[in-house]
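Structure file target_10.cif with mmCIF, C-alpha atoms:
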data_input
loop_
_atom_site.group_PDB
_atom_site.id
_atom_site.type_symbol
_atom_site.label_atom_id
_atom_site.label_comp_id
_atom_site.auth_asym_id
_atom_site.auth_seq_id
_atom_site.Cartn_x
_atom_site.Cartn_y
_atom_site.Cartn_z
ATOM 1 C CA ILE N 81 -19.700 10.386 -10.103
ATOM 2 C CA ASN N 82 -17.497 7.533 -8.918
ATOM 3 C CA ASN N 83 -16.522 6.805 -12.531
ATOM 4 C CA THR N 84 -15.529 10.440 -12.997
ATOM 5 C CA TYR N 85 -13.554 10.387 -9.767
ATOM 6 C CA LEU N 86 -11.644 7.304 -10.902
ATOM 7 C CA SER N 87 -11.071 8.583 -14.438
ATOM 8 C CA LYS N 88 -7.432 9.560 -13.853
ATOM 9 C CA HIS N 89 -6.472 5.889 -14.046
ATOM 10 C CA THR N 90 -8.887 5.155 -16.877
ATOM 11 C CA ILE N 91 -7.734 8.103 -19.010
ATOM 12 C CA ALA N 92 -4.089 7.182 -18.625
ATOM 13 C CA LEU N 93 -4.763 3.575 -19.610
ATOM 14 C CA SER N 94 -7.192 4.305 -22.436
ATOM 15 C CA TRP N 95 -4.429 5.879 -24.514
ATOM 16 C CA ASP N 96 -2.313 2.746 -24.170
ATOM 17 C CA ASP N 97 -3.299 0.556 -27.127
ATOM 18 C CA ASP N 98 -1.781 -2.498 -25.484
ATOM 19 C CA TYR N 99 -4.096 -2.247 -22.467
ATOM 20 C CA TYR N 100 -7.545 -1.562 -23.914
ATOM 21 C CA ASP N 101 -9.193 -2.767 -27.065
ATOM 22 C CA VAL N 102 -10.862 0.517 -28.026
ATOM 23 C CA ASP N 103 -13.998 0.247 -30.125
ATOM 24 C CA GLU N 104 -13.378 2.486 -33.127
ATOM 25 C CA ASP N 105 -17.101 3.188 -33.424
ATOM 26 C CA GLU N 106 -17.177 4.507 -29.858
ATOM 27 C CA ASP N 107 -17.723 8.253 -29.702
ATOM 28 C CA ILE N 108 -14.873 9.687 -27.613
ATOM 29 C CA ASP N 109 -14.677 13.402 -26.952
ATOM 30 C CA GLU N 110 -10.925 13.784 -27.406
ATOM 31 C CA SER N 111 -10.882 17.413 -26.257
ATOM 32 C CA ARG N 112 -12.476 16.374 -22.961
ATOM 33 C CA VAL N 113 -10.048 13.481 -22.521
ATOM 34 C CA LEU N 114 -7.103 15.803 -23.163
ATOM 35 C CA ALA N 115 -8.528 18.388 -20.768
ATOM 36 C CA TYR N 116 -8.891 15.709 -18.074
ATOM 37 C CA SER N 117 -5.343 14.514 -18.679
ATOM 38 C CA ARG N 118 -3.918 18.040 -18.454
ATOM 39 C CA LEU N 119 -5.969 18.699 -15.347
ATOM 40 C CA ASN N 120 -4.512 15.553 -13.738
ATOM 41 C CA LYS N 121 -0.968 16.748 -14.470
ATOM 42 C CA GLN N 122 -1.311 20.482 -13.806
ATOM 43 C CA HIS N 123 -3.701 20.488 -10.823
ATOM 44 C CA PRO N 124 -3.721 16.994 -9.278
ATOM 45 C CA GLN N 125 -5.055 18.250 -5.934
ATOM 46 C CA TYR N 126 -8.229 19.577 -7.642
ATOM 47 C CA ALA N 127 -8.561 17.143 -10.547
ATOM 48 C CA ALA N 128 -11.207 14.819 -9.092
ATOM 49 C CA ARG N 129 -13.518 17.606 -7.898
ATOM 50 C CA CYS N 130 -13.113 19.613 -11.099
ATOM 51 C CA LYS N 131 -13.850 16.596 -13.309
ATOM 52 C CA ILE N 132 -16.981 15.867 -11.308
ATOM 53 C CA LEU N 133 -18.152 19.466 -11.773
ATOM 54 C CA MET N 134 -17.214 19.455 -15.469
ATOM 55 C CA SER N 135 -19.126 16.240 -16.155
ATOM 56 C CA HIS N 136 -22.181 16.772 -13.973
ATOM 57 C CA PRO N 137 -23.914 20.170 -14.281
ATOM 58 C CA HIS N 138 -26.389 19.040 -11.642
ATOM 59 C CA LEU N 139 -25.207 16.889 -8.748
ATOM 60 C CA ASP N 140 -28.045 14.641 -7.671
ATOM 61 C CA MET N 141 -28.279 14.691 -3.879
ATOM 62 C CA LYS N 142 -30.927 11.957 -3.646
ATOM 63 C CA PRO N 143 -28.451 9.203 -2.677
ATOM 64 C CA PHE N 144 -27.385 11.294 0.330
ATOM 65 C CA LEU N 145 -30.782 12.444 1.572
ATOM 66 C CA HIS N 146 -31.350 9.489 3.885
ATOM 67 C CA TRP N 147 -28.701 10.973 6.200
ATOM 68 C CA GLY N 148 -30.818 14.089 6.526
ATOM 69 C CA LEU N 149 -29.320 17.412 7.484
ATOM 70 C CA LYS N 150 -26.307 15.716 9.130
ATOM 71 C CA LEU N 151 -24.604 15.493 5.746
ATOM 72 C CA LEU N 152 -25.390 19.051 4.636
ATOM 73 C CA PRO N 153 -22.270 20.643 6.229
ATOM 74 C CA LEU N 154 -20.095 18.074 4.437
ATOM 75 C CA VAL N 155 -21.741 18.847 1.097
ATOM 76 C CA VAL N 156 -21.217 22.583 1.578
ATOM 77 C CA ALA N 157 -17.587 21.957 2.593
ATOM 78 C CA TRP N 158 -17.069 19.834 -0.546
ATOM 79 C CA PHE N 159 -18.328 22.683 -2.714
ATOM 80 C CA GLU N 160 -16.035 25.119 -0.887
ATOM 81 C CA ARG N 161 -13.032 22.859 -1.522
ATOM 82 C CA ALA N 162 -14.082 22.613 -5.186
ATOM 83 C CA LYS N 163 -14.471 26.378 -5.606
ATOM 84 C CA PRO N 164 -10.943 26.839 -7.049
ATOM 85 C CA CYS N 165 -12.170 24.900 -10.097
ATOM 86 C CA THR N 166 -14.034 28.059 -11.139
ATOM 87 C CA THR N 167 -10.759 29.997 -11.512
ATOM 88 C CA LEU N 168 -8.192 27.336 -12.463
ATOM 89 C CA THR N 169 -6.759 27.249 -15.950
ATOM 90 C CA ILE N 170 -4.998 24.491 -17.847
ATOM 91 C CA GLN N 171 -2.281 25.160 -20.364
ATOM 92 C CA THR N 172 -2.755 23.896 -23.894
ATOM 93 C CA ILE N 173 -0.625 24.177 -27.004
ATOM 94 C CA SER N 174 -2.078 25.599 -30.195
ATOM 95 C CA PHE N 175 -0.706 23.974 -33.333
ATOM 96 C CA ILE N 176 -1.399 26.760 -35.787
ATOM 97 C CA PRO N 177 0.786 26.319 -38.887
ATOM 98 C CA ASN N 178 4.218 27.936 -38.414
ATOM 99 C CA SER N 179 3.348 28.756 -34.820
ATOM 100 C CA ARG N 180 3.268 26.952 -31.532
ATOM 101 C CA ARG N 181 1.604 28.996 -28.799
ATOM 102 C CA ARG N 182 0.607 28.161 -25.269
ATOM 103 C CA LEU N 183 -2.991 28.933 -24.474
ATOM 104 C CA ALA N 184 -4.735 28.997 -21.117
ATOM 105 C CA ARG N 185 -8.224 27.533 -20.856
ATOM 106 C CA ARG N 186 -10.475 27.766 -17.827
ATOM 107 C CA VAL N 187 -11.231 24.394 -16.304
ATOM 108 C CA LEU N 188 -14.844 25.173 -15.447
ATOM 109 C CA GLU N 189 -16.565 27.530 -17.846
ATOM 110 C CA GLU N 190 -19.142 29.032 -15.510
ATOM 111 C CA SER N 191 -19.544 32.238 -13.580
ATOM 112 C CA ALA N 192 -19.353 32.595 -9.814
ATOM 113 C CA GLU N 193 -23.128 33.108 -9.810
ATOM 114 C CA VAL N 194 -23.751 29.814 -11.607
ATOM 115 C CA TYR N 195 -21.438 28.014 -9.194
ATOM 116 C CA GLN N 196 -23.247 29.574 -6.232
ATOM 117 C CA SER N 197 -26.504 28.384 -7.768
ATOM 118 C CA ARG N 198 -25.150 24.813 -7.767
ATOM 119 C CA ILE N 199 -24.449 25.081 -4.044
ATOM 120 C CA LEU N 200 -27.878 26.525 -3.314
ATOM 121 C CA THR N 201 -29.577 23.824 -5.386
ATOM 122 C CA ALA N 202 -27.788 21.098 -3.422
ATOM 123 C CA MET N 203 -28.737 22.752 -0.121
ATOM 124 C CA TYR N 204 -32.345 23.148 -1.249
ATOM 125 C CA GLU N 205 -32.607 19.421 -2.018
ATOM 126 C CA PHE N 206 -31.637 18.670 1.598
ATOM 127 C CA VAL N 207 -33.987 21.242 3.095
ATOM 128 C CA ARG N 208 -36.895 20.228 0.836
ATOM 129 C CA GLN N 209 -36.522 16.639 2.026
ATOM 130 C CA ARG N 210 -37.180 17.672 5.641
#
Output the structure of this file as C-alpha coordinates.
Amino acid sequence: INNTYLSKHTIALSWDDDYYDVDEDEDIDESRVLAYSRLNKQHPQYAARCKILMSHPHLDMKPFLHWGLKLLPLVVAWFERAKPCTTLTIQTISFIPNSRRRLARRVLEESAEVYQSRILTAMYEFVRQR
(Lines of atoms letter the chains of each structure in order from A and count residues from 1; the text may use other names and numbers.)
(Lines give C-alpha, C1' and ligand atoms only; values in the text may rest on other atoms or scores of the structure.)
Protein backbone atom coordinates (compact mmCIF):
# COMPACT_ATOMS: atom_id res chain seq x y z
CA ILE A 1 0.00 0.00 0.00
CA ASN A 2 2.86 2.38 0.75
CA ASN A 3 4.15 1.92 -2.81
CA THR A 4 0.72 2.80 -4.17
CA TYR A 5 0.51 5.83 -1.91
CA LEU A 6 3.88 7.07 -3.15
CA SER A 7 3.15 6.34 -6.81
CA LYS A 8 2.44 9.97 -7.74
CA HIS A 9 6.17 10.66 -7.69
CA THR A 10 7.06 7.34 -9.30
CA ILE A 11 4.54 7.72 -12.14
CA ALA A 12 5.73 11.22 -12.96
CA LEU A 13 9.36 10.10 -13.05
CA SER A 14 8.80 6.82 -14.88
CA TRP A 15 7.78 8.67 -18.04
CA ASP A 16 11.02 10.65 -17.99
CA ASP A 17 13.48 8.57 -20.01
CA ASP A 18 16.42 10.48 -18.56
CA TYR A 19 15.55 9.46 -14.99
CA TYR A 20 14.76 5.74 -15.18
CA ASP A 21 16.22 3.00 -17.29
CA VAL A 22 12.96 1.21 -18.09
CA ASP A 23 13.22 -2.49 -18.85
CA GLU A 24 11.47 -2.94 -22.19
CA ASP A 25 10.48 -6.49 -21.23
CA GLU A 26 8.69 -5.19 -18.13
CA ASP A 27 4.92 -5.51 -18.39
CA ILE A 28 3.49 -2.04 -17.72
CA ASP A 29 -0.25 -1.48 -17.78
CA GLU A 30 -0.22 1.85 -19.61
CA SER A 31 -3.96 2.44 -19.14
CA ARG A 32 -3.52 2.15 -15.37
CA VAL A 33 -0.50 4.46 -15.39
CA LEU A 34 -2.44 7.04 -17.41
CA ALA A 35 -5.44 6.70 -15.10
CA TYR A 36 -3.19 7.26 -12.07
CA SER A 37 -1.61 10.29 -13.72
CA ARG A 38 -4.99 11.82 -14.59
CA LEU A 39 -6.25 11.09 -11.10
CA ASN A 40 -3.23 12.93 -9.64
CA LYS A 41 -3.98 15.99 -11.79
CA GLN A 42 -7.79 16.05 -11.64
CA HIS A 43 -8.41 14.94 -8.04
CA PRO A 44 -5.18 15.37 -6.06
CA GLN A 45 -6.99 15.41 -2.70
CA TYR A 46 -8.36 11.88 -3.34
CA ALA A 47 -5.59 10.41 -5.50
CA ALA A 48 -3.74 8.41 -2.84
CA ARG A 49 -6.86 6.81 -1.35
CA CYS A 50 -8.37 6.07 -4.76
CA LYS A 51 -5.16 4.46 -6.04
CA ILE A 52 -5.00 2.27 -2.96
CA LEU A 53 -8.59 1.14 -3.53
CA MET A 54 -8.00 0.64 -7.27
CA SER A 55 -4.91 -1.51 -6.70
CA HIS A 56 -6.01 -3.51 -3.67
CA PRO A 57 -9.47 -5.12 -3.87
CA HIS A 58 -8.94 -6.48 -0.37
CA LEU A 59 -7.10 -4.38 2.20
CA ASP A 60 -5.29 -6.70 4.57
CA MET A 61 -5.87 -5.50 8.13
CA LYS A 62 -3.44 -7.97 9.74
CA PRO A 63 -0.63 -5.41 10.17
CA PHE A 64 -3.00 -3.23 12.22
CA LEU A 65 -4.61 -5.89 14.40
CA HIS A 66 -2.06 -5.66 17.20
CA TRP A 67 -3.59 -2.29 18.14
CA GLY A 68 -6.90 -4.03 18.71
CA LEU A 69 -10.18 -2.16 18.52
CA LYS A 70 -8.45 1.18 19.21
CA LEU A 71 -7.62 1.50 15.52
CA LEU A 72 -11.05 0.49 14.22
CA PRO A 73 -12.55 4.03 14.31
CA LEU A 74 -9.58 5.29 12.28
CA VAL A 75 -10.04 2.55 9.69
CA VAL A 76 -13.74 3.35 9.35
CA ALA A 77 -12.93 7.07 9.07
CA TRP A 78 -10.37 6.32 6.33
CA PHE A 79 -13.00 4.44 4.34
CA GLU A 80 -15.44 7.33 4.81
CA ARG A 81 -12.85 9.81 3.50
CA ALA A 82 -12.21 7.46 0.55
CA LYS A 83 -15.91 7.08 -0.29
CA PRO A 84 -15.85 9.84 -2.97
CA CYS A 85 -13.64 7.50 -5.02
CA THR A 86 -16.78 5.49 -5.80
CA THR A 87 -18.35 8.46 -7.63
CA LEU A 88 -15.36 10.40 -9.01
CA THR A 89 -14.67 10.43 -12.72
CA ILE A 90 -11.54 11.27 -14.66
CA GLN A 91 -11.61 12.88 -18.06
CA THR A 92 -9.93 11.09 -20.94
CA ILE A 93 -9.59 11.92 -24.61
CA SER A 94 -10.70 9.44 -27.24
CA PHE A 95 -8.55 9.49 -30.36
CA ILE A 96 -11.03 8.04 -32.81
CA PRO A 97 -9.98 8.90 -36.38
CA ASN A 98 -11.33 12.32 -37.44
CA SER A 99 -12.70 12.87 -33.95
CA ARG A 100 -11.37 13.95 -30.61
CA ARG A 101 -13.91 13.49 -27.83
CA ARG A 102 -13.65 13.85 -24.09
CA LEU A 103 -14.84 10.83 -22.18
CA ALA A 104 -15.52 10.46 -18.48
CA ARG A 105 -14.43 7.27 -16.75
CA ARG A 106 -15.27 6.31 -13.19
CA VAL A 107 -12.22 6.05 -10.98
CA LEU A 108 -13.43 3.04 -9.01
CA GLU A 109 -15.59 0.64 -10.97
CA GLU A 110 -17.62 -0.83 -8.13
CA SER A 111 -21.08 -0.38 -6.72
CA ALA A 112 -21.92 1.21 -3.38
CA GLU A 113 -22.77 -2.28 -2.10
CA VAL A 114 -19.34 -3.64 -3.00
CA TYR A 115 -17.67 -0.66 -1.33
CA GLN A 116 -19.78 -1.18 1.79
CA SER A 117 -18.69 -4.82 1.75
CA ARG A 118 -15.05 -3.69 1.82
CA ILE A 119 -15.75 -1.65 4.95
CA LEU A 120 -17.58 -4.51 6.63
CA THR A 121 -14.79 -6.95 5.77
CA ALA A 122 -12.21 -4.65 7.36
CA MET A 123 -14.37 -4.25 10.47
CA TYR A 124 -14.93 -8.01 10.68
CA GLU A 125 -11.18 -8.67 10.66
CA PHE A 126 -10.84 -6.45 13.75
CA VAL A 127 -13.79 -7.99 15.56
CA ARG A 128 -12.75 -11.56 14.70
CA GLN A 129 -9.33 -10.90 16.23
CA ARG A 130 -10.90 -10.13 19.62
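Going from CA of Gln171 in chain N to CA of Tyr195 in chain N covers 22.4 Å.
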inquiry  = For the PyMOL selection byres ((chain N and resi 147-153) around 8), applied here, can you spell out every residue it catches as a list in words?
reply    = Phe144, Leu145, His146, Leu154, Val155, Val156, Ala157, Met203, Phe206, Val207, Gln209 and Arg210 of chain N
request  = Record the distance separating CA of Glu193 in chain N and CA of Arg161 in chain N, expressed in Å with one decimal.
outcome  = 16.6 Å
request  = Quick one: apply the PyMOL selection byres ((chain N and resi 115-119) around 8) to the file and drop the selected residues here as an NGL selection string.
outcome  = :N and (88 or 91-92 or 111-114 or 120-124 or 127 or 131 or 170-171 or 187)
task = Using the chain letters and residue numbers of this document, give as a list of chain:residue names the residues selected by the PyMOL selection byres ((chain N and resi 184) around 8).
result = N:Thr169, N:Ile170, N:Gln171, N:Thr172, N:Arg182, N:Leu183, N:Arg185, N:Arg186
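For the choices N:Lys163, N:Arg208, N:His136, N:Arg181, the atom-to-atom distance to Gln196 in chain N is smallest for N:Lys163 when using all atoms listed in the file.
For Tyr126 in chain N, the non-local neighbours within 8 Å, defined as residues at least 5 positions apart in the same chain or in other chains and counting only C-alpha atoms, are Ala162, Pro164 and Cys165 of chain N.
Take CA of Ser197 in chain N and CA of Leu133 in chain N: the distance between them is 12.9 Å.
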Calculate, to one decimal in Å, the centre and edge lengths of the box along x, y and z of the file that holds all listed atoms of range 152-160 of chain N with 6 Å of margin on each side, and present them as JSON.
{"center_x": -20.7, "center_y": 21.6, "center_z": 1.8, "size_x": 21.4, "size_y": 19.0, "size_z": 20.9}
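Shortest separation to Glu160 in chain N among N:Arg198, N:Ser135, N:Ser191, N:Lys142 occurs at residue N:Arg198, atoms counted being all atoms listed in the file.
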remark   = Residue with the minimum atom-to-atom distance to Cys130 in chain N, picked from N:Trp158, N:Glu110, N:Ala202, N:Leu188 with all atoms listed in the file counted, is N:Leu188
Place N, CA and C atoms on range 120-153 of chain N and deliver the coordinates as an mmCIF file, in the frame of the given file.
data_model
loop_
_atom_site.group_PDB
_atom_site.id
_atom_site.type_symbol
_atom_site.label_atom_id
_atom_site.label_comp_id
_atom_site.auth_asym_id
_atom_site.auth_seq_id
_atom_site.Cartn_x
_atom_site.Cartn_y
_atom_site.Cartn_z
ATOM 1 N N ASN N 120 -5.194 16.497 -14.633
ATOM 2 C CA ASN N 120 -4.512 15.553 -13.738
ATOM 3 C C ASN N 120 -3.062 15.956 -13.512
ATOM 4 N N LYS N 121 -2.388 16.399 -14.568
ATOM 5 C CA LYS N 121 -0.968 16.748 -14.470
ATOM 6 C C LYS N 121 -0.740 18.120 -13.850
ATOM 7 N N GLN N 122 -1.561 19.100 -14.222
ATOM 8 C CA GLN N 122 -1.311 20.482 -13.806
ATOM 9 C C GLN N 122 -1.930 20.833 -12.453
ATOM 10 N N HIS N 123 -3.014 20.186 -12.086
ATOM 11 C CA HIS N 123 -3.701 20.488 -10.823
ATOM 12 C C HIS N 123 -4.190 19.198 -10.160
ATOM 13 N N PRO N 124 -3.280 18.288 -9.804
ATOM 14 C CA PRO N 124 -3.721 16.994 -9.278
ATOM 15 C C PRO N 124 -4.549 17.098 -7.997
ATOM 16 N N GLN N 125 -4.315 18.126 -7.194
ATOM 17 C CA GLN N 125 -5.055 18.250 -5.934
ATOM 18 C C GLN N 125 -6.521 18.629 -6.169
ATOM 19 N N TYR N 126 -6.852 19.177 -7.333
ATOM 20 C CA TYR N 126 -8.229 19.577 -7.642
ATOM 21 C C TYR N 126 -8.871 18.721 -8.723
ATOM 22 N N ALA N 127 -8.098 17.843 -9.349
ATOM 23 C CA ALA N 127 -8.561 17.143 -10.547
ATOM 24 C C ALA N 127 -9.877 16.399 -10.344
ATOM 25 N N ALA N 128 -9.992 15.629 -9.287
ATOM 26 C CA ALA N 128 -11.207 14.819 -9.092
ATOM 27 C C ALA N 128 -12.434 15.711 -8.952
ATOM 28 N N ARG N 129 -12.354 16.730 -8.099
ATOM 29 C CA ARG N 129 -13.518 17.606 -7.898
ATOM 30 C C ARG N 129 -13.864 18.360 -9.180
ATOM 31 N N CYS N 130 -12.851 18.861 -9.868
ATOM 32 C CA CYS N 130 -13.113 19.613 -11.099
ATOM 33 C C CYS N 130 -13.749 18.738 -12.167
ATOM 34 N N LYS N 131 -13.272 17.497 -12.305
ATOM 35 C CA LYS N 131 -13.850 16.596 -13.309
ATOM 36 C C LYS N 131 -15.297 16.259 -12.973
ATOM 37 N N ILE N 132 -15.590 16.116 -11.709
ATOM 38 C CA ILE N 132 -16.981 15.867 -11.308
ATOM 39 C C ILE N 132 -17.839 17.057 -11.705
ATOM 40 N N LEU N 133 -17.381 18.268 -11.429
ATOM 41 C CA LEU N 133 -18.152 19.466 -11.773
ATOM 42 C C LEU N 133 -18.255 19.655 -13.283
ATOM 43 N N MET N 134 -17.199 19.317 -14.011
ATOM 44 C CA MET N 134 -17.214 19.455 -15.469
ATOM 45 C C MET N 134 -18.205 18.480 -16.102
ATOM 46 N N SER N 135 -18.310 17.291 -15.554
ATOM 47 C CA SER N 135 -19.126 16.240 -16.155
ATOM 48 C C SER N 135 -20.568 16.217 -15.689
ATOM 49 N N HIS N 136 -20.845 16.845 -14.564
ATOM 50 C CA HIS N 136 -22.181 16.772 -13.973
ATOM 51 C C HIS N 136 -22.687 18.173 -13.631
ATOM 52 N N PRO N 137 -23.402 18.823 -14.557
ATOM 53 C CA PRO N 137 -23.914 20.170 -14.281
ATOM 54 C C PRO N 137 -24.832 20.224 -13.065
ATOM 55 N N HIS N 138 -25.533 19.126 -12.831
ATOM 56 C CA HIS N 138 -26.389 19.040 -11.642
ATOM 57 C C HIS N 138 -25.974 17.808 -10.852
ATOM 58 N N LEU N 139 -25.579 18.014 -9.609
ATOM 59 C CA LEU N 139 -25.207 16.889 -8.748
ATOM 60 C C LEU N 139 -26.447 16.424 -8.002
ATOM 61 N N ASP N 140 -26.849 15.217 -8.277
ATOM 62 C CA ASP N 140 -28.045 14.641 -7.671
ATOM 63 C C ASP N 140 -27.770 14.288 -6.210
ATOM 64 N N MET N 141 -28.485 14.903 -5.312
ATOM 65 C CA MET N 141 -28.279 14.691 -3.879
ATOM 66 C C MET N 141 -29.137 13.552 -3.312
ATOM 67 N N LYS N 142 -30.018 12.989 -4.144
ATOM 68 C CA LYS N 142 -30.927 11.957 -3.646
ATOM 69 C C LYS N 142 -30.227 10.810 -2.920
ATOM 70 N N PRO N 143 -29.090 10.307 -3.404
ATOM 71 C CA PRO N 143 -28.451 9.203 -2.677
ATOM 72 C C PRO N 143 -28.000 9.571 -1.258
ATOM 73 N N PHE N 144 -27.875 10.854 -0.977
ATOM 74 C CA PHE N 144 -27.385 11.294 0.330
ATOM 75 C C PHE N 144 -28.494 11.754 1.275
ATOM 76 N N LEU N 145 -29.708 11.852 0.786
ATOM 77 C CA LEU N 145 -30.782 12.444 1.572
ATOM 78 C C LEU N 145 -31.191 11.597 2.774
ATOM 79 N N HIS N 146 -30.932 10.312 2.749
ATOM 80 C CA HIS N 146 -31.350 9.489 3.885
ATOM 81 C C HIS N 146 -30.552 9.813 5.151
ATOM 82 N N TRP N 147 -29.452 10.533 5.023
ATOM 83 C CA TRP N 147 -28.701 10.973 6.200
ATOM 84 C C TRP N 147 -29.252 12.276 6.762
ATOM 85 N N GLY N 148 -30.198 12.858 6.053
ATOM 86 C CA GLY N 148 -30.818 14.089 6.526
ATOM 87 C C GLY N 148 -29.845 15.256 6.549
ATOM 88 N N LEU N 149 -30.117 16.188 7.429
ATOM 89 C CA LEU N 149 -29.320 17.412 7.484
ATOM 90 C C LEU N 149 -27.920 17.187 8.060
ATOM 91 N N LYS N 150 -27.647 16.000 8.597
ATOM 92 C CA LYS N 150 -26.307 15.716 9.130
ATOM 93 C C LYS N 150 -25.236 15.820 8.050
ATOM 94 N N LEU N 151 -25.576 15.483 6.831
ATOM 95 C CA LEU N 151 -24.604 15.493 5.746
ATOM 96 C C LEU N 151 -24.462 16.867 5.083
ATOM 97 N N LEU N 152 -25.408 17.746 5.300
ATOM 98 C CA LEU N 152 -25.390 19.051 4.636
ATOM 99 C C LEU N 152 -24.088 19.828 4.858
ATOM 100 N N PRO N 153 -23.542 19.923 6.067
ATOM 101 C CA PRO N 153 -22.270 20.643 6.229
ATOM 102 C C PRO N 153 -21.127 20.036 5.416
#
